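K.L.:
Following this line is work.txt, made up of compact mmCIF, C-alpha atoms:
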```txt
# COMPACT_ATOMS: atom_id res chain seq x y z
CA MET A 1 -76.68 -40.56 39.15
CA GLN A 2 -79.95 -42.31 39.59
CA THR A 3 -81.73 -41.96 42.87
CA ALA A 4 -83.97 -44.94 42.25
CA PRO A 5 -83.31 -48.04 44.38
CA ALA A 6 -80.55 -50.20 43.00
CA THR A 7 -81.67 -53.04 40.83
CA THR A 8 -80.01 -56.39 40.55
CA THR A 9 -80.17 -56.63 36.79
CA GLY A 10 -78.17 -53.51 36.14
CA THR A 11 -79.75 -52.94 32.74
CA VAL A 12 -82.57 -50.90 34.22
CA ALA A 13 -80.19 -48.99 36.49
CA GLN A 14 -78.06 -47.82 33.61
CA GLN A 15 -80.41 -45.19 32.36
CA SER A 16 -77.95 -42.43 31.53
CA ASN A 17 -75.13 -44.51 30.11
CA ALA A 18 -74.49 -48.10 29.13
CA PHE A 19 -70.95 -48.00 30.50
CA PRO A 20 -70.95 -47.02 34.21
CA PRO A 21 -67.46 -45.45 34.41
CA PHE A 22 -68.41 -42.96 31.67
CA ASP A 23 -71.63 -41.93 33.42
CA THR A 24 -70.94 -38.22 33.79
CA ALA A 25 -73.83 -37.76 36.22
CA THR A 26 -71.75 -39.45 38.94
CA PHE A 27 -68.65 -37.33 38.36
CA PRO A 28 -69.36 -34.48 40.81
CA THR A 29 -69.96 -36.94 43.65
CA GLN A 30 -66.84 -38.94 42.76
CA LEU A 31 -64.65 -35.84 42.53
CA PHE A 32 -66.01 -34.53 45.83
CA TRP A 33 -65.22 -37.71 47.76
CA LEU A 34 -61.88 -38.14 46.02
CA ALA A 35 -60.88 -34.61 47.03
CA ILE A 36 -61.97 -35.15 50.63
CA THR A 37 -60.35 -38.55 51.12
CA PHE A 38 -57.16 -37.69 49.24
CA ALA A 39 -56.74 -34.46 51.18
CA VAL A 40 -57.32 -36.22 54.51
CA LEU A 41 -54.79 -38.92 53.66
CA PHE A 42 -52.30 -36.32 52.45
CA VAL A 43 -52.55 -34.30 55.66
CA VAL A 44 -52.29 -37.39 57.85
CA LEU A 45 -49.26 -38.78 56.01
CA TRP A 46 -47.61 -35.36 55.74
CA ARG A 47 -48.13 -34.22 59.32
CA VAL A 48 -48.50 -37.39 61.40
CA ALA A 49 -47.57 -40.74 59.88
CA GLY A 50 -44.64 -39.63 57.72
CA PRO A 51 -42.70 -37.79 60.46
CA ARG A 52 -43.54 -40.58 62.88
CA ILE A 53 -42.22 -43.39 60.68
CA GLY A 54 -39.24 -41.30 59.55
CA GLY A 55 -38.41 -40.45 63.16
CA VAL A 56 -38.59 -44.08 64.25
CA ILE A 57 -36.36 -45.21 61.38
CA GLY A 58 -33.88 -42.40 62.11
CA GLU A 59 -33.85 -43.22 65.82
CA ARG A 60 -33.19 -46.87 65.13
CA LYS A 61 -30.38 -46.04 62.71
CA ALA A 62 -28.82 -43.70 65.29
CA GLN A 63 -29.18 -46.32 68.03
CA ILE A 64 -27.59 -49.01 65.87
CA ALA A 65 -24.77 -46.65 64.89
CA ASP A 66 -24.19 -45.75 68.57
CA GLU A 67 -24.12 -49.37 69.62
CA LEU A 68 -21.78 -50.32 66.80
CA GLU A 69 -19.50 -47.51 67.90
CA ALA A 70 -19.61 -48.70 71.52
CA ALA A 71 -18.90 -52.25 70.39
CA GLU A 72 -15.94 -50.99 68.37
CA LYS A 73 -14.66 -49.15 71.44
CA HIS A 74 -15.02 -52.28 73.54
CA ARG A 75 -13.23 -54.31 70.91
CA LYS A 76 -10.36 -51.83 70.89
CA SER A 77 -10.05 -51.85 74.68
CA ALA A 78 -10.15 -55.65 74.66
CA GLU A 79 -7.41 -55.65 72.06
CA ALA A 80 -5.34 -53.24 74.19
CA ALA A 81 -5.84 -55.46 77.23
CA GLU A 82 -4.81 -58.47 75.19
CA ALA A 83 -1.67 -56.64 74.01
CA ALA A 84 -0.84 -55.59 77.60
CA HIS A 85 -1.35 -59.16 78.73
CA GLN A 86 0.92 -60.43 75.97
CA SER A 87 3.67 -57.92 76.74
CA ALA A 88 3.46 -58.70 80.47
CA LEU A 89 3.68 -62.36 79.62
CA ALA A 90 6.73 -61.75 77.41
CA ALA A 91 8.41 -59.65 80.13
CA ALA A 92 7.78 -62.33 82.72
CA ARG A 93 9.13 -64.95 80.36
CA ALA A 94 12.27 -62.87 79.73
CA ARG A 95 12.75 -62.37 83.45
CA ALA A 96 12.36 -66.07 84.10
CA LYS A 97 14.87 -66.89 81.36
CA LYS A 98 17.33 -64.40 82.77
CA ALA A 99 16.97 -65.84 86.28
CA ALA A 100 17.43 -69.36 84.96
CA ASP A 101 20.53 -68.32 83.01
CA GLU A 102 21.96 -66.57 86.06
CA ASN A 103 21.27 -69.59 88.19
CA ARG A 104 22.88 -71.91 85.67
CA ARG A 105 25.97 -69.74 85.43
CA GLN A 106 26.27 -69.64 89.19
CA VAL A 107 25.92 -73.39 89.55
CA THR A 108 28.44 -73.97 86.75
CA ALA A 109 30.90 -71.62 88.41
CA GLU A 110 30.45 -73.37 91.74
CA ILE A 111 31.02 -76.73 90.13
CA GLU A 112 34.16 -75.40 88.41
CA ASN A 113 35.44 -73.99 91.68
CA ALA A 114 34.81 -77.17 93.55
CA LYS A 115 36.46 -79.18 90.78
CA ALA A 116 39.51 -76.90 90.78
CA ALA A 117 39.83 -77.06 94.59
CA THR A 118 39.54 -80.83 94.60
CA GLU A 119 42.09 -81.13 91.83
CA ALA A 120 44.49 -78.83 93.65
CA ALA A 121 44.09 -80.82 96.85
CA ALA A 122 44.66 -84.06 94.98
CA GLN A 123 47.77 -82.70 93.30
CA ASP A 124 49.03 -81.45 96.62
CA ALA A 125 48.50 -84.82 98.23
CA ALA A 126 50.17 -86.56 95.26
CA ALA A 127 53.14 -84.22 95.48
CA LYS A 128 53.48 -84.83 99.22
CA ALA A 129 53.26 -88.54 98.73
CA GLU A 130 55.88 -88.43 96.01
CA ALA A 131 58.17 -86.42 98.24
CA ARG A 132 57.74 -88.89 101.03
CA ILE A 133 58.41 -91.77 98.68
CA ALA A 134 61.59 -90.04 97.45
CA ALA A 135 62.74 -89.43 101.02
CA MET A 136 62.06 -92.99 101.99
CA ARG A 137 63.92 -94.24 98.90
CA GLN A 138 66.91 -92.06 99.77
CA GLU A 139 66.84 -93.26 103.36
CA ALA A 140 66.62 -96.83 102.17
CA ALA A 141 69.55 -96.29 99.83
CA GLN A 142 71.47 -94.78 102.72
CA HIS A 143 70.72 -97.75 104.93
CA VAL A 144 71.87 -100.08 102.17
CA THR A 145 75.17 -98.20 101.85
CA ILE A 146 75.71 -98.26 105.58
CA ALA A 147 74.90 -101.96 105.68
CA ALA A 148 77.36 -102.58 102.82
CA GLN A 149 80.09 -100.66 104.69
CA ASP A 150 79.42 -102.66 107.81
CA VAL A 151 79.43 -105.83 105.78
CA ALA A 152 82.62 -104.76 104.05
CA ALA A 153 84.28 -103.95 107.37
CA ALA A 154 83.14 -107.24 108.80
CA ILE A 155 84.36 -109.12 105.76
CA VAL A 156 87.69 -107.37 105.90
CA ALA A 157 88.00 -108.09 109.63
CA ARG A 158 87.28 -111.72 109.08
CA LEU A 159 89.57 -112.11 106.15
CA ILE A 160 92.56 -110.14 107.20
CA GLY A 161 91.91 -109.42 110.79
CA ASP A 162 92.27 -105.82 110.21
CA THR A 163 89.88 -103.16 111.04
CA ILE A 164 89.15 -100.57 108.54
CA SER A 165 87.96 -97.15 109.22
CA PRO A 166 84.45 -96.28 108.18
CA GLN A 167 85.85 -93.83 105.67
CA GLU A 168 87.84 -96.54 103.92
CA ALA A 169 84.86 -98.81 103.91
CA GLU A 170 82.73 -96.07 102.44
CA ALA A 171 85.33 -95.43 99.73
CA ALA A 172 85.54 -99.07 98.96
CA VAL A 173 81.79 -99.42 98.73
CA LYS A 174 81.63 -96.44 96.49
CA ALA A 175 84.40 -97.80 94.31
CA SER A 176 82.66 -101.06 93.89
CA GLY A 177 79.47 -99.13 93.47
CA THR A 178 76.76 -99.95 91.31
CA MET B 179 -78.41 -64.39 31.85
CA ALA B 180 -79.23 -61.65 34.29
CA MET B 181 -75.66 -60.91 35.36
CA ASN B 182 -73.87 -57.96 33.93
CA PRO B 183 -70.09 -57.81 34.58
CA MET B 184 -70.26 -54.02 34.31
CA GLU B 185 -72.76 -53.70 37.14
CA GLN B 186 -69.94 -53.73 39.71
CA PHE B 187 -68.68 -50.41 38.33
CA GLU B 188 -71.95 -48.56 38.95
CA VAL B 189 -71.61 -45.76 41.45
CA LYS B 190 -74.74 -46.18 43.55
CA PRO B 191 -75.94 -44.01 46.41
CA ILE B 192 -76.06 -45.76 49.77
CA LEU B 193 -78.16 -42.98 51.28
CA GLU B 194 -81.09 -42.37 48.99
CA HIS B 195 -81.12 -38.59 49.28
CA PRO B 196 -78.30 -36.27 48.30
CA LEU B 197 -76.28 -34.88 51.22
CA PHE B 198 -76.06 -31.38 49.75
CA GLN B 199 -75.46 -29.57 46.51
CA ILE B 200 -72.30 -28.03 45.14
CA ALA B 201 -72.78 -25.67 42.18
CA GLY B 202 -76.09 -27.29 41.35
CA HIS B 203 -74.73 -30.85 41.50
CA ASP B 204 -76.14 -33.35 43.98
CA ILE B 205 -73.53 -34.94 46.23
CA PHE B 206 -74.46 -38.44 47.37
CA PHE B 207 -72.86 -40.80 49.83
CA THR B 208 -72.13 -43.68 47.46
CA ASN B 209 -70.64 -47.16 47.54
CA GLN B 210 -67.48 -45.62 46.08
CA ALA B 211 -67.37 -42.89 48.75
CA LEU B 212 -67.69 -45.58 51.43
CA LEU B 213 -64.79 -47.60 49.96
CA MET B 214 -62.57 -44.53 49.63
CA CYS B 215 -63.31 -43.51 53.21
CA VAL B 216 -62.62 -47.04 54.48
CA ALA B 217 -59.39 -47.33 52.46
CA VAL B 218 -58.11 -43.93 53.57
CA ALA B 219 -59.07 -44.53 57.19
CA ALA B 220 -57.35 -47.93 57.14
CA ALA B 221 -54.22 -46.46 55.52
CA ALA B 222 -54.06 -43.50 57.91
CA LEU B 223 -54.64 -45.61 61.03
CA PHE B 224 -52.27 -48.35 59.92
CA LEU B 225 -49.40 -46.01 59.04
CA THR B 226 -49.89 -44.00 62.23
CA PHE B 227 -50.59 -46.55 64.95
CA SER B 228 -48.53 -49.52 63.79
CA VAL B 229 -45.43 -47.44 64.49
CA THR B 230 -44.22 -46.91 68.07
CA ARG B 231 -41.05 -45.22 69.20
CA GLY B 232 -38.28 -47.09 70.94
CA ARG B 233 -38.73 -50.47 69.30
CA LEU B 234 -35.31 -51.70 68.22
CA VAL B 235 -36.95 -54.72 66.59
CA PRO B 236 -40.20 -53.61 64.95
CA THR B 237 -43.38 -55.65 65.06
CA ARG B 238 -44.65 -57.15 61.81
CA LEU B 239 -47.13 -54.34 61.18
CA GLN B 240 -44.54 -51.69 62.04
CA SER B 241 -41.98 -53.19 59.70
CA MET B 242 -44.63 -53.21 56.93
CA ALA B 243 -45.22 -49.51 57.52
CA GLU B 244 -41.47 -48.85 57.61
CA VAL B 245 -40.88 -50.88 54.47
CA SER B 246 -43.54 -48.95 52.55
CA TYR B 247 -42.06 -45.66 53.82
CA GLU B 248 -38.55 -46.60 52.73
CA PHE B 249 -39.85 -48.09 49.49
CA VAL B 250 -41.33 -44.74 48.50
CA ALA B 251 -38.32 -42.80 49.83
CA ASN B 252 -35.92 -44.94 47.78
CA MET B 253 -38.18 -44.63 44.74
CA ILE B 254 -37.98 -40.83 44.92
CA LYS B 255 -34.23 -40.76 45.63
CA SER B 256 -33.39 -43.10 42.76
CA THR B 257 -35.53 -41.29 40.18
CA ALA B 258 -35.62 -37.63 41.26
CA GLY B 259 -32.55 -37.39 43.48
CA ASP B 260 -32.31 -36.07 47.02
CA ASP B 261 -33.99 -32.74 46.23
CA GLY B 262 -37.03 -34.74 45.08
CA MET B 263 -37.63 -35.62 48.76
CA VAL B 264 -39.68 -32.42 49.20
CA PHE B 265 -42.39 -34.33 47.33
CA PHE B 266 -42.20 -37.29 49.68
CA PRO B 267 -45.57 -36.65 51.40
CA PHE B 268 -47.23 -36.18 48.01
CA VAL B 269 -45.80 -39.32 46.39
CA PHE B 270 -46.33 -41.34 49.57
CA THR B 271 -49.98 -40.25 49.58
CA ILE B 272 -50.46 -41.11 45.89
CA PHE B 273 -48.88 -44.54 46.36
CA THR B 274 -50.79 -45.31 49.55
CA PHE B 275 -54.10 -44.04 48.20
CA VAL B 276 -53.92 -46.05 44.97
CA LEU B 277 -52.57 -49.13 46.75
CA PHE B 278 -55.26 -49.19 49.43
CA CYS B 279 -58.08 -48.40 46.97
CA ASN B 280 -56.86 -51.21 44.69
CA PHE B 281 -56.55 -53.72 47.51
CA PHE B 282 -59.84 -52.85 49.21
CA GLY B 283 -61.44 -53.25 45.78
CA MET B 284 -60.18 -56.85 45.78
CA ILE B 285 -62.54 -57.74 48.64
CA PRO B 286 -65.40 -59.63 46.96
CA GLY B 287 -68.45 -57.38 46.66
CA ALA B 288 -66.47 -54.21 47.39
CA PHE B 289 -66.44 -51.32 44.98
CA THR B 290 -63.11 -50.43 43.36
CA PRO B 291 -62.69 -46.62 43.43
CA THR B 292 -59.73 -46.73 41.02
CA SER B 293 -61.85 -48.44 38.35
CA GLN B 294 -63.47 -45.05 37.64
CA ILE B 295 -61.86 -42.96 34.90
CA ILE B 296 -62.76 -39.71 36.61
CA VAL B 297 -60.89 -40.74 39.78
CA THR B 298 -57.71 -41.77 37.97
CA LEU B 299 -57.96 -38.73 35.68
CA ALA B 300 -58.24 -36.42 38.69
CA LEU B 301 -55.23 -38.09 40.33
CA ALA B 302 -53.23 -37.75 37.10
CA ALA B 303 -54.34 -34.13 36.82
CA VAL B 304 -53.09 -33.42 40.34
CA VAL B 305 -49.75 -35.00 39.42
CA MET B 306 -49.39 -33.06 36.16
CA LEU B 307 -50.47 -29.83 37.85
CA THR B 308 -47.79 -30.37 40.50
CA VAL B 309 -45.24 -31.04 37.75
CA VAL B 310 -46.09 -27.87 35.83
CA VAL B 311 -46.22 -25.64 38.91
CA THR B 312 -42.92 -27.07 40.21
CA GLY B 313 -41.32 -26.63 36.80
CA PHE B 314 -42.26 -22.96 36.59
CA ILE B 315 -41.26 -22.28 40.21
CA VAL B 316 -37.83 -23.91 39.81
CA HIS B 317 -36.95 -22.84 36.26
CA GLY B 318 -39.31 -19.98 35.45
CA LEU B 319 -39.85 -19.73 31.71
CA GLY B 320 -36.79 -21.99 31.31
CA PHE B 321 -39.21 -24.83 32.00
CA PHE B 322 -40.16 -24.68 28.29
CA LYS B 323 -36.68 -26.07 27.56
CA LEU B 324 -38.28 -29.39 28.55
CA PHE B 325 -39.83 -29.42 25.08
CA VAL B 326 -36.55 -28.70 23.28
CA PRO B 327 -34.25 -31.72 23.21
CA LYS B 328 -30.62 -31.46 22.11
CA ALA B 329 -30.86 -31.90 18.35
CA PRO B 330 -30.05 -30.10 15.07
CA PHE B 331 -32.36 -27.17 14.36
CA LEU B 332 -34.16 -28.81 11.44
CA LEU B 333 -35.03 -31.83 13.56
CA LEU B 334 -36.41 -29.54 16.26
CA ILE B 335 -39.24 -28.51 13.94
CA LEU B 336 -40.32 -32.10 14.13
CA LEU B 337 -39.27 -32.90 17.70
CA VAL B 338 -40.75 -29.96 19.61
CA PRO B 339 -44.37 -30.75 18.66
CA ILE B 340 -43.73 -34.41 19.47
CA GLU B 341 -42.35 -33.48 22.89
CA ILE B 342 -45.35 -31.24 23.58
CA ILE B 343 -47.80 -33.93 22.52
CA SER B 344 -46.02 -36.57 24.58
CA PHE B 345 -46.10 -34.27 27.61
CA LEU B 346 -49.82 -33.66 27.21
CA THR B 347 -50.67 -37.33 26.63
CA ARG B 348 -49.08 -38.21 29.97
CA LEU B 349 -52.30 -37.08 31.58
CA VAL B 350 -54.23 -39.63 29.51
CA SER B 351 -51.70 -42.46 29.72
CA LEU B 352 -51.27 -42.10 33.48
CA SER B 353 -55.00 -42.15 34.16
CA VAL B 354 -56.09 -44.70 31.55
CA ARG B 355 -53.37 -47.19 32.55
CA LEU B 356 -54.65 -47.47 36.12
CA PHE B 357 -58.33 -47.26 35.17
CA ALA B 358 -58.10 -49.86 32.38
CA ASN B 359 -56.07 -52.31 34.47
CA MET B 360 -58.54 -52.26 37.33
CA LEU B 361 -61.56 -52.31 35.02
CA ALA B 362 -60.26 -55.21 32.93
CA GLY B 363 -59.24 -57.34 35.90
CA HIS B 364 -62.49 -56.94 37.77
CA THR B 365 -64.52 -57.47 34.58
CA MET B 366 -62.64 -60.68 33.92
CA LEU B 367 -63.32 -61.91 37.46
CA ALA B 368 -67.04 -61.14 37.09
CA VAL B 369 -67.19 -62.87 33.68
CA PHE B 370 -65.59 -66.05 35.01
CA ALA B 371 -67.83 -65.93 38.07
CA SER B 372 -70.88 -65.77 35.82
CA PHE B 373 -69.51 -68.80 33.91
CA VAL B 374 -69.38 -70.76 37.17
CA ILE B 375 -73.02 -69.95 37.91
CA ALA B 376 -74.18 -70.55 34.35
CA LEU B 377 -72.41 -73.92 34.10
CA GLY B 378 -73.53 -74.94 37.58
CA ALA B 379 -77.14 -74.15 36.74
CA ALA B 380 -76.96 -76.00 33.39
CA GLY B 381 -76.98 -79.39 35.15
CA GLY B 382 -75.47 -82.73 34.20
CA ILE B 383 -71.86 -82.90 33.04
CA LEU B 384 -71.76 -79.10 32.63
CA SER B 385 -72.21 -78.69 36.39
CA LEU B 386 -69.01 -80.66 36.93
CA LEU B 387 -67.24 -78.48 34.35
CA SER B 388 -68.05 -75.38 36.38
CA ILE B 389 -64.96 -76.14 38.46
CA THR B 390 -62.76 -74.94 35.55
CA PRO B 391 -63.78 -71.24 35.59
CA MET B 392 -63.65 -71.51 39.39
CA PHE B 393 -59.92 -72.25 39.15
CA MET B 394 -59.59 -69.40 36.67
CA ILE B 395 -61.09 -67.04 39.26
CA VAL B 396 -58.48 -68.15 41.80
CA PHE B 397 -55.69 -67.67 39.28
CA ILE B 398 -56.92 -64.28 38.02
CA GLY B 399 -57.58 -63.23 41.61
CA ALA B 400 -53.93 -63.85 42.45
CA LEU B 401 -52.89 -62.02 39.30
CA GLU B 402 -55.13 -59.07 40.23
CA MET B 403 -53.41 -58.86 43.63
CA LEU B 404 -50.14 -58.43 41.76
CA VAL B 405 -51.71 -55.88 39.39
CA ALA B 406 -53.19 -53.97 42.34
CA PHE B 407 -49.70 -53.48 43.81
CA LEU B 408 -47.97 -53.04 40.46
CA GLN B 409 -50.30 -50.30 39.25
CA ALA B 410 -49.88 -48.36 42.49
CA TYR B 411 -46.11 -48.71 42.06
CA VAL B 412 -46.23 -47.68 38.39
CA PHE B 413 -48.41 -44.67 39.18
CA ALA B 414 -46.03 -43.56 41.97
CA ILE B 415 -42.82 -44.10 40.00
CA LEU B 416 -44.17 -42.27 36.94
CA THR B 417 -45.07 -39.42 39.27
CA CYS B 418 -41.46 -39.43 40.48
CA ILE B 419 -40.09 -39.48 36.93
CA TYR B 420 -42.30 -36.55 35.87
CA LEU B 421 -41.34 -34.62 39.00
CA ASN B 422 -37.68 -35.31 38.24
CA GLU B 423 -38.13 -33.70 34.81
CA ALA B 424 -39.78 -30.70 36.40
CA LEU B 425 -36.88 -30.35 38.84
CA HIS B 426 -33.94 -31.12 36.55
CA LEU B 427 -35.35 -30.77 32.98
CA HIS B 428 -33.31 -33.13 30.79
CA GLU B 429 -30.26 -33.37 33.04
CA HIS B 430 -29.29 -36.81 34.14
CA HIS B 431 -27.91 -37.56 37.54
```
As structure tokens - that is how I would like this structure written.

P.N.:
Amino acid sequence: MQTAPATTTGTVAQQSNAFPPFDTATFPTQLFWLAITFAVLFVVLWRVAGPRIGGVIGERKAQIADELEAAEKHRKSAEAAEAAHQSALAAARARAKKAADENRRQVTAEIENAKAATEAAAQDAAAKAEARIAAMRQEAAQHVTIAAQDVAAAIVARLIGDTISPQEAEAAVKASGT
Amino acid sequence: MAMNPMEQFEVKPILEHPLFQIAGHDIFFTNQALLMCVAVAAAALFLTFSVTRGRLVPTRLQSMAEVSYEFVANMIKSTAGDDGMVFFPFVFTIFTFVLFCNFFGMIPGAFTPTSQIIVTLALAAVVMLTVVVTGFIVHGLGFFKLFVPKAPFLLLILLVPIEIISFLTRLVSLSVRLFANMLAGHTMLAVFASFVIALGAAGGILSLLSITPMFMIVFIGALEMLVAFLQAYVFAILTCIYLNEALHLHEHH
């Protein structure tokens, strides 16, 4: 270690050794400052900076883990709500289908009833009409027979001047019957 | 030519008179002491005050501090396992100290503390001392098994001395690697810088040519930035590997 003022050429300054890093005269000073600075840095990193950075990283990891957990919880509750919604929707749909089916059955039954009633009424009317027609036909046939008897009696009276009893006329008409 | 590329490695007192004496040796406040103080102060302040609690998204400086913390933590875990984390403050300090000294040395005109063999040797000695002390605390005399690999007895006659020599040369290799890298890089920068001045002063066409070493300085400067980081990394990871051997001998995990 030279105490003389530093020179710009360097050749004059290197009195003890040509190669500065091997100049043993500077070693005590170098070792002293190395020990001081290294020890200071070690203590700061060991006691202050290291725990501080480690704590911050740990806190962030914990916070992220917590928030992920909360997000997972929210996702699960959203899924549950979705499932509840879906099941409610399905129940409502089933109920609506049931009501529609019921309604349809009722309407069909009503239609059937009405149809049956109408048919019955129609048949009834037809039967009545037929009966009336039959009665009228019989009556007509009766009138024809009576007319024939009268005609027969009249004819007989004209031809032979004899009156015949209605019974005879009836028998005669019957005998000549159709 | 008056310029000497080795001049930048001279440890020069800033204050002319020695501060005090230790065991008969004068202690000066030197250019190197200034750089080490600045580097350590910068590292300590940066790693302490860039980090604030309660930031979910860190600022740029904070994430740099966190990245360097986790970088060292992962380095220890991957080489020495989880029980190596007791050495975290030590390895973190080594890495930070070497890194900041290397990078502050890259400032033009600044002294590079790690370009001194005594500094790197002392750092390596601290590492090897830690390794030996840890080894004896964890394994007792069983630590000597480190020098006995699994091999037939006849081979051991050959292997044990080799293992001992390789263990002892770690001190040299660890210190010389860092020292030589920093020394060579900064010497190269100074040599090319002197070429620029010499060519520029030569005049004529040679002055125009001085641009070539100028580009070399830019290129080597970028390379030296890489080396500055890489050597800090290498120093720290070798420390981890040696500590792993002290903790686990030859077991692998």

K.L.:
Using only C-alpha atoms, find each residue in chain A having at least one atom no more than 7 Å away from chain B; report its shortest atom-to-atom pair and that distance in Å (one decimal), rows by chain then rising number, as CSV.

P.N.:
```
residue,atom,partner,partner_atom,distance
A:Thr3,CA,B:Glu194,CA,6.2
A:Thr9,CA,B:Ala180,CA,5.7
A:Gly10,CA,B:Glu185,CA,5.5
A:Pro20,CA,B:Glu188,CA,5.1
A:Pro21,CA,B:Gln294,CA,5.1
A:Thr26,CA,B:Val189,CA,6.8
A:Phe27,CA,B:Ile296,CA,6.6
A:Pro28,CA,B:His203,CA,6.5
A:Thr29,CA,B:Ile205,CA,4.8
A:Gln30,CA,B:Val297,CA,6.9
A:Leu31,CA,B:Val297,CA,6.8
A:Trp33,CA,B:Ala211,CA,5.7
A:Leu34,CA,B:Val297,CA,6.8
A:Thr37,CA,B:Cys215,CA,6.1
A:Leu41,CA,B:Val218,CA,6.0
A:Phe42,CA,B:Thr271,CA,5.4
A:Val44,CA,B:Ala222,CA,6.4
A:Leu45,CA,B:Pro267,CA,6.3
A:Trp46,CA,B:Pro267,CA,5.0
A:Val48,CA,B:Thr226,CA,6.8
A:Ala49,CA,B:Thr226,CA,4.6
A:Ile53,CA,B:Glu244,CA,6.3
A:Val56,CA,B:Arg231,CA,5.6
A:Arg60,CA,B:Leu234,CA,6.1
```

K.L.:
Nearest to Ile395 in chain B: which of B:Ala368, B:Leu299, B:Ala414, B:Ile383 is it, counting only C-alpha atoms?

P.N.:
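Among the listed residues, the smallest separation from Ile395 in chain B belongs to B:Ala368.
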
K.L.:
Rounded to one decimal, what separation in Å do you get between CA of Gln409 in chain B and CA of Met253 in chain B?

P.N.:
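CA of Met253 in chain B lies at a distance of 14.5 Å from CA of Gln409 in chain B.
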
K.L.:
In Å to one decimal, how far is CA of Leu387 in chain B from CA of Val374 in chain B?

P.N.:
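Answer for the CA of Val374 in chain B to CA of Leu387 in chain B separation: 8.5 Å.
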
K.L.:
To one decimal in Å, tell me the separation between CA of Ala70 in chain A and CA of Thr237 in chain B.

P.N.:
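Atom-to-atom, CA of Ala70 in chain A to CA of Thr237 in chain B, that is 25.6 Å.
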
K.L.:
I want to know what sits within 10 Å of range 136-148 of chain A, based on only C-alpha atoms, with residues of the same chain fewer than 6 positions away left out; could you give that as a PDB file with C-alpha atoms, in the coordinates of the input?

P.N.:
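For reference, around.pdb as written:
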```pdb
ATOM      1  CA  GLU A 130      55.880 -88.430  96.010  1.00  0.00           C
ATOM      2  CA  ALA A 154      83.140-107.240 108.800  1.00  0.00           C
ATOM      3  CA  PRO A 166      84.450 -96.280 108.180  1.00  0.00           C
ATOM      4  CA  ALA A 169      84.860 -98.810 103.910  1.00  0.00           C
ATOM      5  CA  GLU A 170      82.730 -96.070 102.440  1.00  0.00           C
ATOM      6  CA  ALA A 172      85.540 -99.070  98.960  1.00  0.00           C
ATOM      7  CA  VAL A 173      81.790 -99.420  98.730  1.00  0.00           C
ATOM      8  CA  LYS A 174      81.630 -96.440  96.490  1.00  0.00           C
ATOM      9  CA  GLY A 177      79.470 -99.130  93.470  1.00  0.00           C
TER      10      GLY A 177
END
```

K.L.:
Which of these, B:Phe322, B:Phe273, B:Phe331, B:Phe314, has the shortest distance to Val412 in chain B once you count only C-alpha atoms?

P.N.:
B:Phe273

K.L.:
Do you know which residues are at most 6 Å from range 308-310 of chain B counting only C-alpha atoms, after dropping those on the same chain fewer than 2 positions away, and could you put them as a list of chain:residue names?

P.N.:
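What passes the distance filter is B:Val305, B:Met306, B:Thr312, B:Gly313, B:Leu421, B:Ala424.
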
K.L.:
Only C-alpha atoms, please: the residues just picked out, written as an mmCIF file, keeping the file's coordinate frame.

P.N.:
```cif
data_model
loop_
_atom_site.group_PDB
_atom_site.id
_atom_site.type_symbol
_atom_site.label_atom_id
_atom_site.label_comp_id
_atom_site.auth_asym_id
_atom_site.auth_seq_id
_atom_site.Cartn_x
_atom_site.Cartn_y
_atom_site.Cartn_z
ATOM 1 C CA VAL B 305 -49.750 -35.000 39.420
ATOM 2 C CA MET B 306 -49.390 -33.060 36.160
ATOM 3 C CA THR B 312 -42.920 -27.070 40.210
ATOM 4 C CA GLY B 313 -41.320 -26.630 36.800
ATOM 5 C CA LEU B 421 -41.340 -34.620 39.000
ATOM 6 C CA ALA B 424 -39.780 -30.700 36.400
#
```

K.L.:
Can you sort out range 210-217 of chain B so it carries N, CA and C atoms, written as a JSON list (two decimals), in the frame of the given file?

P.N.:
```
[["chain", "number", "residue", "atom", "x", "y", "z"],
["B", 210, "GLN", "N", -68.87, -46.00, 46.32],
["B", 210, "GLN", "CA", -67.48, -45.62, 46.08],
["B", 210, "GLN", "C", -66.95, -44.73, 47.21],
["B", 211, "ALA", "N", -67.79, -43.78, 47.66],
["B", 211, "ALA", "CA", -67.37, -42.89, 48.75],
["B", 211, "ALA", "C", -67.06, -43.72, 49.99],
["B", 212, "LEU", "N", -67.90, -44.71, 50.27],
["B", 212, "LEU", "CA", -67.69, -45.58, 51.43],
["B", 212, "LEU", "C", -66.33, -46.28, 51.32],
["B", 213, "LEU", "N", -66.06, -46.86, 50.13],
["B", 213, "LEU", "CA", -64.79, -47.60, 49.96],
["B", 213, "LEU", "C", -63.58, -46.68, 50.10],
["B", 214, "MET", "N", -63.70, -45.46, 49.53],
["B", 214, "MET", "CA", -62.57, -44.53, 49.63],
["B", 214, "MET", "C", -62.34, -44.13, 51.08],
["B", 215, "CYS", "N", -63.44, -43.89, 51.80],
["B", 215, "CYS", "CA", -63.31, -43.51, 53.21],
["B", 215, "CYS", "C", -62.69, -44.65, 54.01],
["B", 216, "VAL", "N", -63.15, -45.88, 53.75],
["B", 216, "VAL", "CA", -62.62, -47.04, 54.48],
["B", 216, "VAL", "C", -61.13, -47.22, 54.17],
["B", 217, "ALA", "N", -60.79, -47.13, 52.87],
["B", 217, "ALA", "CA", -59.39, -47.33, 52.46],
["B", 217, "ALA", "C", -58.49, -46.27, 53.08]]
```
